[in-house]
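> See structure32.cif below, with mmCIF, C-alpha atoms and all ligand atoms.
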```cif
data_structure
loop_
_atom_site.label_atom_id
_atom_site.label_comp_id
_atom_site.auth_asym_id
_atom_site.auth_seq_id
_atom_site.Cartn_x
_atom_site.Cartn_y
_atom_site.Cartn_z
CA MET A 8 18.41 16.79 -13.13
CA ALA A 9 17.88 13.60 -15.08
CA ASN A 10 19.67 13.48 -18.44
CA ARG A 11 18.12 12.37 -21.74
CA ARG A 12 19.19 8.77 -21.40
CA ASP A 13 17.68 8.65 -17.96
CA TRP A 14 14.49 10.11 -19.35
CA LEU A 15 14.36 7.46 -22.03
CA ARG A 16 14.91 4.79 -19.44
CA THR A 17 12.04 6.14 -17.37
CA SER A 18 9.60 6.42 -20.23
CA LEU A 19 10.53 3.02 -21.61
CA ALA A 20 10.26 1.38 -18.26
CA LEU A 21 6.96 2.95 -17.41
CA ALA A 22 5.30 2.61 -20.80
CA ALA A 23 2.72 -0.15 -20.71
CA GLY A 24 2.74 -2.90 -23.27
CA LEU A 25 6.37 -2.76 -24.43
CA PRO A 26 8.49 -5.89 -24.01
CA LEU A 27 10.50 -4.09 -21.32
CA GLY A 28 7.22 -3.00 -19.73
CA THR A 29 6.07 -6.59 -19.54
CA THR A 30 9.19 -7.64 -17.68
CA LEU A 31 8.83 -4.73 -15.31
CA ALA A 32 5.15 -5.38 -14.85
CA GLU A 33 5.96 -8.95 -13.87
CA ARG A 34 8.76 -7.87 -11.62
CA LEU A 35 7.10 -4.94 -9.98
CA MET A 36 3.34 -5.07 -10.14
CA ALA A 37 2.76 -8.70 -9.22
CA ALA A 38 6.11 -9.07 -7.51
CA PRO A 39 6.54 -12.18 -5.41
CA VAL A 40 7.64 -11.16 -1.94
CA SER A 41 9.25 -14.48 -1.06
CA GLU A 42 11.03 -17.51 -2.45
CA THR A 43 7.88 -19.44 -1.53
CA GLU A 44 5.79 -17.21 -3.78
CA LYS A 45 8.25 -17.52 -6.67
CA ILE A 46 7.61 -21.25 -6.68
CA PHE A 47 3.91 -20.89 -5.91
CA PHE A 48 3.22 -18.31 -8.66
CA SER A 49 5.18 -20.35 -11.22
CA GLY A 50 2.58 -23.12 -10.95
CA ASN A 51 -0.68 -23.31 -12.87
CA LEU A 52 -2.96 -21.40 -10.53
CA PRO A 53 -6.72 -21.53 -10.95
CA PRO A 54 -8.68 -18.32 -10.24
CA MET A 55 -9.16 -18.07 -6.48
CA LYS A 56 -12.70 -17.64 -5.12
CA ILE A 57 -11.76 -16.50 -1.61
CA ARG A 58 -9.39 -13.63 -2.14
CA LEU A 59 -7.47 -12.94 1.05
CA ALA A 60 -4.27 -11.88 -0.71
CA SER A 61 -4.53 -8.19 -1.59
CA ASN A 62 -6.02 -6.37 1.41
CA GLU A 63 -9.19 -5.49 -0.47
CA ASN A 64 -12.41 -4.30 1.12
CA PRO A 65 -15.10 -6.97 0.53
CA TYR A 66 -17.92 -4.43 1.15
CA GLY A 67 -17.10 -1.91 -1.55
CA PRO A 68 -17.94 -0.02 -3.64
CA SER A 69 -20.27 1.98 -1.40
CA ASP A 70 -23.82 2.84 -2.50
CA LYS A 71 -22.69 6.41 -3.17
CA ALA A 72 -19.85 5.20 -5.39
CA ARG A 73 -22.18 2.83 -7.26
CA ALA A 74 -24.64 5.65 -7.94
CA ALA A 75 -21.85 7.92 -9.16
CA ILE A 76 -20.48 5.20 -11.46
CA THR A 77 -23.89 4.67 -13.05
CA GLN A 78 -24.36 8.38 -13.54
CA ILE A 79 -20.96 9.08 -15.08
CA ILE A 80 -21.14 6.27 -17.66
CA THR A 81 -22.40 8.72 -20.31
CA GLU A 82 -19.17 10.73 -19.91
CA ALA A 83 -16.93 7.72 -20.61
CA ASN A 84 -16.32 8.99 -24.15
CA ARG A 85 -14.64 12.14 -22.76
CA TYR A 86 -11.07 12.45 -21.54
CA PRO A 87 -10.94 13.13 -17.81
CA PHE A 88 -8.99 16.41 -18.03
CA GLN A 89 -11.56 18.65 -16.35
CA ALA A 90 -12.60 15.86 -13.98
CA THR A 91 -8.98 15.58 -12.80
CA VAL A 92 -8.69 19.33 -12.24
CA ASP A 93 -11.99 19.31 -10.32
CA PHE A 94 -11.01 16.28 -8.25
CA LYS A 95 -7.68 17.85 -7.32
CA GLN A 96 -9.61 20.86 -6.05
CA VAL A 97 -11.91 18.58 -4.02
CA LEU A 98 -8.91 16.78 -2.51
CA ALA A 99 -7.09 20.05 -1.86
CA THR A 100 -10.11 21.39 0.06
CA HIS A 101 -10.39 18.07 1.94
CA GLU A 102 -6.72 18.21 2.96
CA GLY A 103 -6.54 21.96 3.56
CA VAL A 104 -3.91 22.66 0.88
CA THR A 105 -3.87 24.19 -2.61
CA PRO A 106 -4.34 21.96 -5.72
CA ASP A 107 -0.67 22.26 -6.68
CA HIS A 108 0.05 20.21 -3.54
CA ILE A 109 -1.93 17.28 -4.98
CA ALA A 110 -1.14 14.53 -7.50
CA VAL A 111 -3.80 12.03 -8.51
CA GLY A 112 -2.76 8.60 -9.70
CA SER A 113 -4.10 5.35 -11.01
CA GLY A 114 -4.03 3.95 -7.49
CA SER A 115 -1.34 5.04 -5.09
CA ALA A 116 0.84 2.34 -6.70
CA ASP A 117 1.12 4.62 -9.74
CA LEU A 118 2.46 7.43 -7.55
CA LEU A 119 4.72 5.14 -5.51
CA SER A 120 6.23 3.91 -8.78
CA ALA A 121 6.62 7.44 -10.14
CA THR A 122 8.26 8.52 -6.87
CA GLY A 123 10.57 5.49 -6.99
CA ALA A 124 11.54 6.43 -10.54
CA ALA A 125 12.03 10.13 -9.73
CA PHE A 126 14.30 9.45 -6.76
CA GLY A 127 15.85 6.27 -8.18
CA LEU A 128 17.11 8.22 -11.18
CA GLU A 129 19.23 10.29 -8.82
CA GLY A 130 21.02 7.24 -7.45
CA GLY A 131 21.92 7.09 -3.78
CA ARG A 132 19.91 5.18 -1.24
CA ILE A 133 16.28 4.70 -0.30
CA LEU A 134 15.79 3.65 3.31
CA SER A 135 12.83 1.84 4.81
CA GLY A 136 11.75 -0.59 7.45
CA PHE A 137 11.43 -4.21 6.33
CA PRO A 138 9.17 -5.89 5.47
CA THR A 139 7.01 -3.10 4.10
CA PHE A 140 5.09 -2.31 0.91
CA PRO A 141 8.00 -2.51 -1.54
CA MET A 142 6.79 -0.80 -4.71
CA LEU A 143 8.54 2.55 -4.35
CA MET A 144 11.84 0.86 -3.47
CA ASN A 145 11.49 -1.74 -6.22
CA TYR A 146 11.09 1.02 -8.78
CA ALA A 147 13.97 3.03 -7.37
CA GLU A 148 16.18 -0.07 -7.59
CA VAL A 149 15.32 -0.59 -11.27
CA PHE A 150 16.99 2.77 -11.86
CA LYS A 151 20.09 3.57 -9.85
CA ALA A 152 19.22 3.52 -6.19
CA THR A 153 20.09 1.03 -3.47
CA TRP A 154 17.41 -0.09 -1.00
CA ASP A 155 18.56 -0.12 2.63
CA LYS A 156 16.25 -2.25 4.79
CA VAL A 157 15.87 -2.08 8.55
CA ASP A 158 14.17 -4.95 10.38
CA MET A 159 10.97 -4.44 12.37
CA ASP A 160 11.23 -4.58 16.17
CA GLU A 161 10.42 -7.73 18.15
CA ASN A 162 6.68 -6.97 17.92
CA LEU A 163 6.84 -6.65 14.13
CA ALA A 164 6.44 -2.87 14.42
CA TYR A 165 8.36 -0.32 12.34
CA ASP A 166 11.50 0.50 14.29
CA TYR A 167 11.79 4.29 13.87
CA GLU A 168 14.90 4.67 16.06
CA ALA A 169 16.71 1.99 14.08
CA VAL A 170 15.62 3.57 10.78
CA ALA A 171 16.84 7.01 11.91
CA SER A 172 20.20 5.55 12.88
CA ARG A 173 20.67 4.12 9.37
CA ILE A 174 20.37 7.42 7.46
CA LYS A 175 23.53 8.00 5.45
CA ASP A 176 24.89 11.00 3.55
CA ASP A 177 23.54 9.63 0.28
CA THR A 178 20.12 8.58 1.61
CA ARG A 179 17.70 10.39 -0.72
CA LEU A 180 14.36 9.24 0.65
CA VAL A 181 13.03 7.50 3.75
CA PHE A 182 9.86 5.46 3.28
CA VAL A 183 7.54 4.96 6.25
CA CYS A 184 4.19 3.19 6.43
CA ASN A 185 1.91 3.52 9.45
CA PRO A 186 0.06 1.21 9.94
CA ASN A 187 2.56 -0.93 8.08
CA ASN A 188 1.89 -3.51 5.37
CA PRO A 189 2.45 -6.54 5.67
CA THR A 190 2.79 -6.52 9.46
CA GLY A 191 -0.43 -4.56 10.19
CA THR A 192 1.27 -2.93 13.18
CA LEU A 193 0.81 0.68 14.27
CA VAL A 194 3.38 2.97 15.86
CA ASP A 195 2.25 5.88 18.04
CA PRO A 196 1.50 8.65 15.51
CA ALA A 197 3.12 11.26 17.77
CA LYS A 198 6.37 9.32 17.51
CA VAL A 199 6.03 8.99 13.74
CA LYS A 200 5.31 12.69 13.43
CA ALA A 201 8.35 13.62 15.49
CA PHE A 202 10.43 11.27 13.31
CA CYS A 203 9.11 12.75 10.05
CA GLU A 204 9.58 16.32 11.28
CA GLU A 205 13.17 15.72 12.31
CA VAL A 206 14.28 13.48 9.44
CA SER A 207 12.68 15.63 6.74
CA LYS A 208 15.07 18.44 7.65
CA LYS A 209 17.78 16.34 5.97
CA VAL A 210 16.03 13.79 3.73
CA THR A 211 12.67 13.57 1.96
CA VAL A 212 10.23 11.38 3.88
CA PHE A 213 7.47 9.41 2.14
CA SER A 214 4.56 8.57 4.45
CA ASP A 215 2.36 5.81 3.00
CA GLU A 216 -1.02 6.12 4.74
CA ALA A 217 -2.94 3.49 2.77
CA TYR A 218 -4.51 1.97 5.89
CA LEU A 219 -4.93 5.06 8.07
CA GLU A 220 -8.74 4.98 7.85
CA PHE A 221 -8.86 1.57 9.49
CA LEU A 222 -8.09 3.40 12.74
CA GLU A 223 -10.87 5.06 14.68
CA PRO A 224 -11.24 8.67 13.38
CA SER A 225 -9.78 10.17 16.58
CA LYS A 226 -6.62 8.08 16.07
CA GLN A 227 -6.10 8.96 12.41
CA VAL A 228 -3.07 11.24 12.38
CA SER A 229 -1.86 12.10 8.89
CA MET A 230 1.52 13.62 8.13
CA VAL A 231 -0.26 16.16 5.91
CA ASP A 232 0.13 18.63 8.79
CA LEU A 233 3.86 18.59 8.16
CA VAL A 234 3.34 19.18 4.42
CA LYS A 235 1.30 22.25 5.37
CA LYS A 236 4.26 23.51 7.38
CA GLY A 237 6.43 23.21 4.28
CA ALA A 238 8.29 20.07 5.38
CA ASN A 239 9.98 17.77 2.91
CA VAL A 240 7.29 15.13 3.39
CA ILE A 241 5.20 13.30 0.79
CA VAL A 242 1.95 11.69 1.94
CA SER A 243 0.15 9.02 -0.08
CA ARG A 244 -3.49 8.01 0.35
CA THR A 245 -5.65 5.56 -1.54
CA PHE A 246 -9.27 4.80 -2.38
CA SER A 247 -8.46 1.08 -2.66
CA LYS A 248 -8.71 0.11 0.97
CA ILE A 249 -11.37 1.54 3.32
CA TYR A 250 -13.30 2.97 0.35
CA GLY A 251 -13.34 -0.39 -1.45
CA LEU A 252 -12.40 0.91 -4.92
CA ALA A 253 -9.23 -1.14 -5.57
CA GLY A 254 -10.43 -2.18 -9.02
CA LEU A 255 -10.99 1.40 -10.14
CA ARG A 256 -7.46 2.61 -9.26
CA VAL A 257 -7.43 5.99 -7.53
CA GLY A 258 -4.82 7.30 -5.12
CA TYR A 259 -3.26 10.66 -4.42
CA LEU A 260 -0.24 12.42 -2.98
CA VAL A 261 -0.03 15.52 -0.84
CA ALA A 262 3.35 17.26 -0.93
CA LYS A 263 4.84 20.64 -1.66
CA PRO A 264 4.47 21.71 -5.30
CA GLU A 265 8.13 21.17 -6.28
CA LEU A 266 7.95 17.56 -5.07
CA ILE A 267 4.63 17.02 -6.84
CA LYS A 268 6.22 18.28 -10.09
CA LYS A 269 9.30 16.11 -9.67
CA ILE A 270 7.16 12.99 -9.20
CA THR A 271 4.37 13.54 -11.71
CA ARG A 272 6.73 14.03 -14.63
CA ASN A 273 7.36 10.27 -14.26
CA GLN A 274 3.69 9.35 -14.40
CA PRO A 275 2.86 7.58 -17.65
CA GLY A 276 0.22 8.82 -20.07
CA ILE A 277 -3.13 9.93 -18.69
CA PRO A 278 -3.43 7.92 -15.49
CA ASN A 279 -6.96 8.83 -14.38
CA ASN A 280 -10.38 7.95 -15.72
CA GLN A 281 -13.84 9.48 -15.47
CA ILE A 282 -15.47 6.56 -13.72
CA ALA A 283 -12.81 6.10 -11.07
CA LEU A 284 -12.68 9.82 -10.32
CA ALA A 285 -16.45 10.05 -9.99
CA ALA A 286 -16.56 7.03 -7.67
CA ALA A 287 -13.71 8.37 -5.53
CA ARG A 288 -15.28 11.79 -5.35
CA ALA A 289 -18.59 10.33 -4.21
CA SER A 290 -16.79 8.13 -1.64
CA LEU A 291 -14.53 10.76 -0.08
CA GLY A 292 -15.51 11.35 3.52
CA ASP A 293 -18.41 8.84 3.44
CA THR A 294 -18.21 8.27 7.20
CA ALA A 295 -21.11 5.80 7.34
CA PHE A 296 -19.50 3.47 4.81
CA MET A 297 -16.08 3.77 6.44
CA GLU A 298 -17.56 3.09 9.86
CA MET A 299 -19.38 -0.01 8.58
CA SER A 300 -16.21 -1.31 6.87
CA ARG A 301 -14.09 -0.66 9.96
CA LYS A 302 -16.56 -2.40 12.26
CA LYS A 303 -17.06 -5.49 10.08
CA ASN A 304 -13.33 -5.71 9.45
CA ALA A 305 -12.61 -5.63 13.20
CA GLU A 306 -15.16 -8.42 13.84
CA ALA A 307 -13.76 -10.66 11.10
CA ARG A 308 -10.18 -9.89 12.18
CA LYS A 309 -11.03 -10.96 15.73
CA HIS A 310 -12.22 -14.32 14.46
CA LEU A 311 -8.82 -14.78 12.78
CA THR A 312 -6.71 -13.59 15.73
CA ASP A 313 -8.75 -15.75 18.16
CA PHE A 314 -7.87 -18.71 15.94
CA LEU A 315 -4.18 -17.72 15.83
CA ASP A 316 -4.18 -17.29 19.63
CA LYS A 317 -5.77 -20.69 20.09
CA LYS A 318 -3.12 -22.28 17.90
CA GLY A 319 -0.31 -20.40 19.63
CA TYR A 320 0.95 -18.56 16.53
CA PHE A 321 2.98 -15.37 16.81
CA TYR A 322 1.49 -12.49 14.78
CA GLY A 323 1.72 -8.73 14.40
CA LYS A 324 -0.96 -6.81 16.32
CA SER A 325 -2.99 -5.64 13.37
CA HIS A 326 -4.75 -2.28 13.05
CA THR A 327 -5.61 -2.99 9.42
CA ASN A 328 -7.40 -5.45 7.16
CA PHE A 329 -4.66 -8.09 7.23
CA VAL A 330 -2.61 -10.07 9.73
CA MET A 331 0.92 -11.47 9.33
CA PHE A 332 1.87 -14.54 11.32
CA ASP A 333 4.57 -17.16 11.70
CA PRO A 334 3.08 -20.46 10.48
CA LYS A 335 5.90 -22.35 12.19
CA GLY A 336 6.63 -24.31 9.06
CA ASP A 337 5.86 -25.12 5.48
CA ALA A 338 4.42 -21.93 3.99
CA LEU A 339 4.54 -23.29 0.42
CA GLY A 340 2.64 -26.43 1.41
CA ILE A 341 0.01 -24.30 3.13
CA LEU A 342 -0.31 -21.93 0.12
CA ASN A 343 -0.77 -24.91 -2.18
CA LYS A 344 -3.32 -26.63 0.00
CA LEU A 345 -5.28 -23.42 0.48
CA ALA A 346 -5.17 -22.87 -3.29
CA GLU A 347 -6.71 -26.34 -3.79
CA ARG A 348 -9.60 -24.99 -1.71
CA SER A 349 -9.64 -21.80 -3.82
CA ILE A 350 -8.31 -19.61 -1.00
CA ALA A 351 -5.55 -17.10 -1.81
CA ILE A 352 -3.18 -15.60 0.79
CA ARG A 353 0.44 -14.33 0.63
CA ALA A 354 3.79 -15.56 1.92
CA TRP A 355 6.69 -13.29 2.92
CA ASP A 356 10.37 -13.93 3.63
CA TYR A 357 11.62 -12.21 6.73
CA LYS A 358 14.54 -12.98 9.04
CA GLY A 359 15.25 -16.26 7.26
CA MET A 360 11.70 -17.45 7.95
CA GLN A 361 8.51 -17.76 5.95
CA TRP A 362 5.54 -15.75 7.14
CA LEU A 363 1.95 -15.76 5.98
CA ARG A 364 -0.24 -12.73 5.50
CA VAL A 365 -4.00 -13.14 5.44
CA SER A 366 -6.24 -10.29 4.35
CA ILE A 367 -9.47 -9.87 6.25
CA GLY A 368 -12.50 -10.82 4.18
CA THR A 369 -16.09 -11.12 5.38
CA SER A 370 -16.75 -13.05 8.60
CA ASP A 371 -17.99 -15.99 6.50
CA GLU A 372 -14.76 -15.98 4.50
CA MET A 373 -12.67 -15.88 7.67
CA ARG A 374 -14.59 -18.83 9.09
CA LEU A 375 -13.96 -20.75 5.87
CA PHE A 376 -10.29 -19.80 6.06
CA THR A 377 -9.73 -20.90 9.67
CA LYS A 378 -11.63 -24.17 9.07
CA ALA A 379 -9.55 -24.93 5.96
CA TYR A 380 -6.33 -23.95 7.73
CA ASP A 381 -7.16 -26.15 10.70
CA GLU A 382 -7.81 -29.13 8.42
CA ILE A 383 -4.57 -28.52 6.51
CA ILE A 384 -2.36 -28.48 9.59
CA SER A 385 -4.08 -31.35 11.42
C1 LIG B 1 0.93 0.20 2.01
C2 LIG B 1 0.36 0.21 0.65
N1 LIG B 1 0.55 1.27 -0.11
C3 LIG B 1 0.07 1.34 -1.35
C4 LIG B 1 -0.64 0.29 -1.89
C5 LIG B 1 -1.11 0.40 -3.31
O1 LIG B 1 -2.48 0.49 -3.35
P1 LIG B 1 -3.26 1.17 -4.55
O2 LIG B 1 -2.34 1.24 -5.71
O3 LIG B 1 -4.39 0.27 -4.81
O4 LIG B 1 -3.64 2.52 -4.06
C6 LIG B 1 -0.87 -0.85 -1.14
C7 LIG B 1 -1.62 -1.97 -1.71
O5 LIG B 1 -1.84 -3.00 -1.14
C8 LIG B 1 -0.35 -0.89 0.16
O6 LIG B 1 -0.52 -1.94 0.94
#
```
Would you put the structure from the file into structure tokens?
Ligand SMILES: Cc1ncc(COP(=O)(O)O)c(C=O)c1O

Amino acid sequence: MANRRDWLRTSLALAAGLPLGTTLAERLMAAPVSETEKIFFSGNLPPMKIRLASNENPYGPSDKARAAITQIITEANRYPFQATVDFKQVLATHEGVTPDHIAVGSGSADLLSATGAAFGLEGGRILSGFPTFPMLMNYAEVFKATWDKVDMDENLAYDYEAVASRIKDDTRLVFVCNPNNPTGTLVDPAKVKAFCEEVSKKVTVFSDEAYLEFLEPSKQVSMVDLVKKGANVIVSRTFSKIYGLAGLRVGYLVAKPELIKKITRNQPGIPNNQIALAAARASLGDTAFMEMSRKKNAEARKHLTDFLDKKGYFYGKSHTNFVMFDPKGDALGILNKLAERSIAIRAWDYKGMQWLRVSIGTSDEMRLFTKAYDEIIS
């Protein structure tokens, strides 16, 4: 149980707008993921026109979401209390659980942060592969936890055996992400499921499934099945990626009710809003839109990987809307020169090297990117 001081720390840290909040926001929300980015972000950056830095869906919002947004505008004067209750019910039905198994957040980042705070307050260790989406661990570290990182395997895939071998007595939570960000790689879901089932007997497992819908429907295996069996597993999903609603901020968790309670008490204020909930509700299960996004993303991604193959770059085999590769050199120089052309991408530190991660935009954007990149390195 967290004591009063811990509570104060949580609420202070998570409250928006306070001086402490500003520092945390800088550190955690727009966190540089490399030394290269620390230098890059400290410069005077103009707004970027070609945004290949945040794994957004260039085709969203869907027509259904747009219609729902227009329709709900008249309700914007009302708090979203009932809308949240209703949406939880919709999600519960969609996932085959009861509403007390669901938490809805302002993006899944909200829930990753709240989970990081809830577990971080207890101290101990959070274990994950590395590099991965760091938000939960960054939050846990702000409190009292230590982040144990396990390198990817030689193909830049999450190394589940290595992660399992690093669980210690005081490991409180194991974070997994399949497909993984920033590497884009996928591990056989049967293997991940066996891992989650086994590990969750001892430690809580957090399964971040932000990019699951980029897989063909028959390959989308969620760990929600384990939640239904009562396992100590937390699943996070988002409307920011395949559904193209990143700017509206909707994500959710599926976990057993005691875990949902433990996490949501660290959520700040009233995290949902009418418009976002209506758009997410209209988008949920829109197979035509997802199919179109998946197909266009795969075409544009192929243009990028063909270019990387031609240039002989090593990259993670991506099942998502981004690709991480070894630029064999000056990542900062490349970021700067791309920025001069109004193209934004990301740079990551891993194994003493600098890596670049490019999100998949439209085919036109990817053509512009590869042309600019080619000119920069020639
Ligand atoms: C793996 C992963 N999880 C969670 C998030 C957070 O997304 P959101 O807060 O928009 O749901 C991201 C964002 O890029 C991500 O890559």
> For the atom pair atom CA of A:Ser385 and atom CA of A:Pro189, what is the interatomic distance in Å to one decimal place?
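Interatomic distance here is 26.3 Å.
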> Using all atoms listed in the file, which residue out of A:Ala262, A:Ala60, A:Ala346, A:Ala307 lies closest to ligand LIG 1 (chain B)?
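Residue with the minimum atom-to-atom distance to ligand LIG 1 (chain B): A:Ala60.
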> Could you check how far atom CA of A:Gly50 sits from atom CA of A:Arg348, in Å to one decimal?
15.4 Å
> Return the single residue from A:Glu306, A:Glu168, A:Asp160, A:Glu129 that is closest to A:Leu180, with distances computed using only C-alpha atoms.
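Ranked by minimum distance to A:Leu180, first place goes to A:Glu129.
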> Could you tell me, counting only C-alpha atoms and all ligand atoms, which protein and nucleic acid residues lie no more than 8 Å from ligand LIG 1 (chain B), written as JSON, numbers by chain?
{"A": [61, 62, 63, 113, 114, 115, 116, 117, 119, 139, 140, 142, 184, 187, 188, 189, 215, 216, 217, 218, 243, 244, 245, 246, 247, 248, 253, 254, 256, 257, 258]}
> Can you work out the spacing between atom CA of A:Lys335 and atom CA of A:Asp371 in Å, to one decimal?
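Atom-to-atom, atom CA of A:Lys335 to atom CA of A:Asp371, that is 25.4 Å.
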> Please build the interface table for stretch 64-132 of chain A against stretch 192-211 of chain A with a cut-off of 12 Å, listing for each qualifying residue the nearest atom pair and the distance in Å to one decimal; count all atoms listed in the file, order rows by chain and increasing number, and write it as CSV.

```
residue,atom,partner,partner_atom,distance
A:Thr122,CA,A:Thr211,CA,11.1
A:Phe126,CA,A:Thr211,CA,9.8
A:Gly131,CA,A:Val210,CA,11.7
A:Arg132,CA,A:Val210,CA,10.7
```
> Using only C-alpha atoms, find the one residue out of A:Ser366, A:Ile352, A:Ala287, A:Ile384 that sits nearest to A:Thr43.
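Using only C-alpha atoms, A:Thr43 sits closest to A:Ile352.
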> When you count all atoms listed in the file, which of these residues is closest to A:Thr81: A:Ile241, A:Ala124, A:Leu363, A:Ile282?
A:Ile282
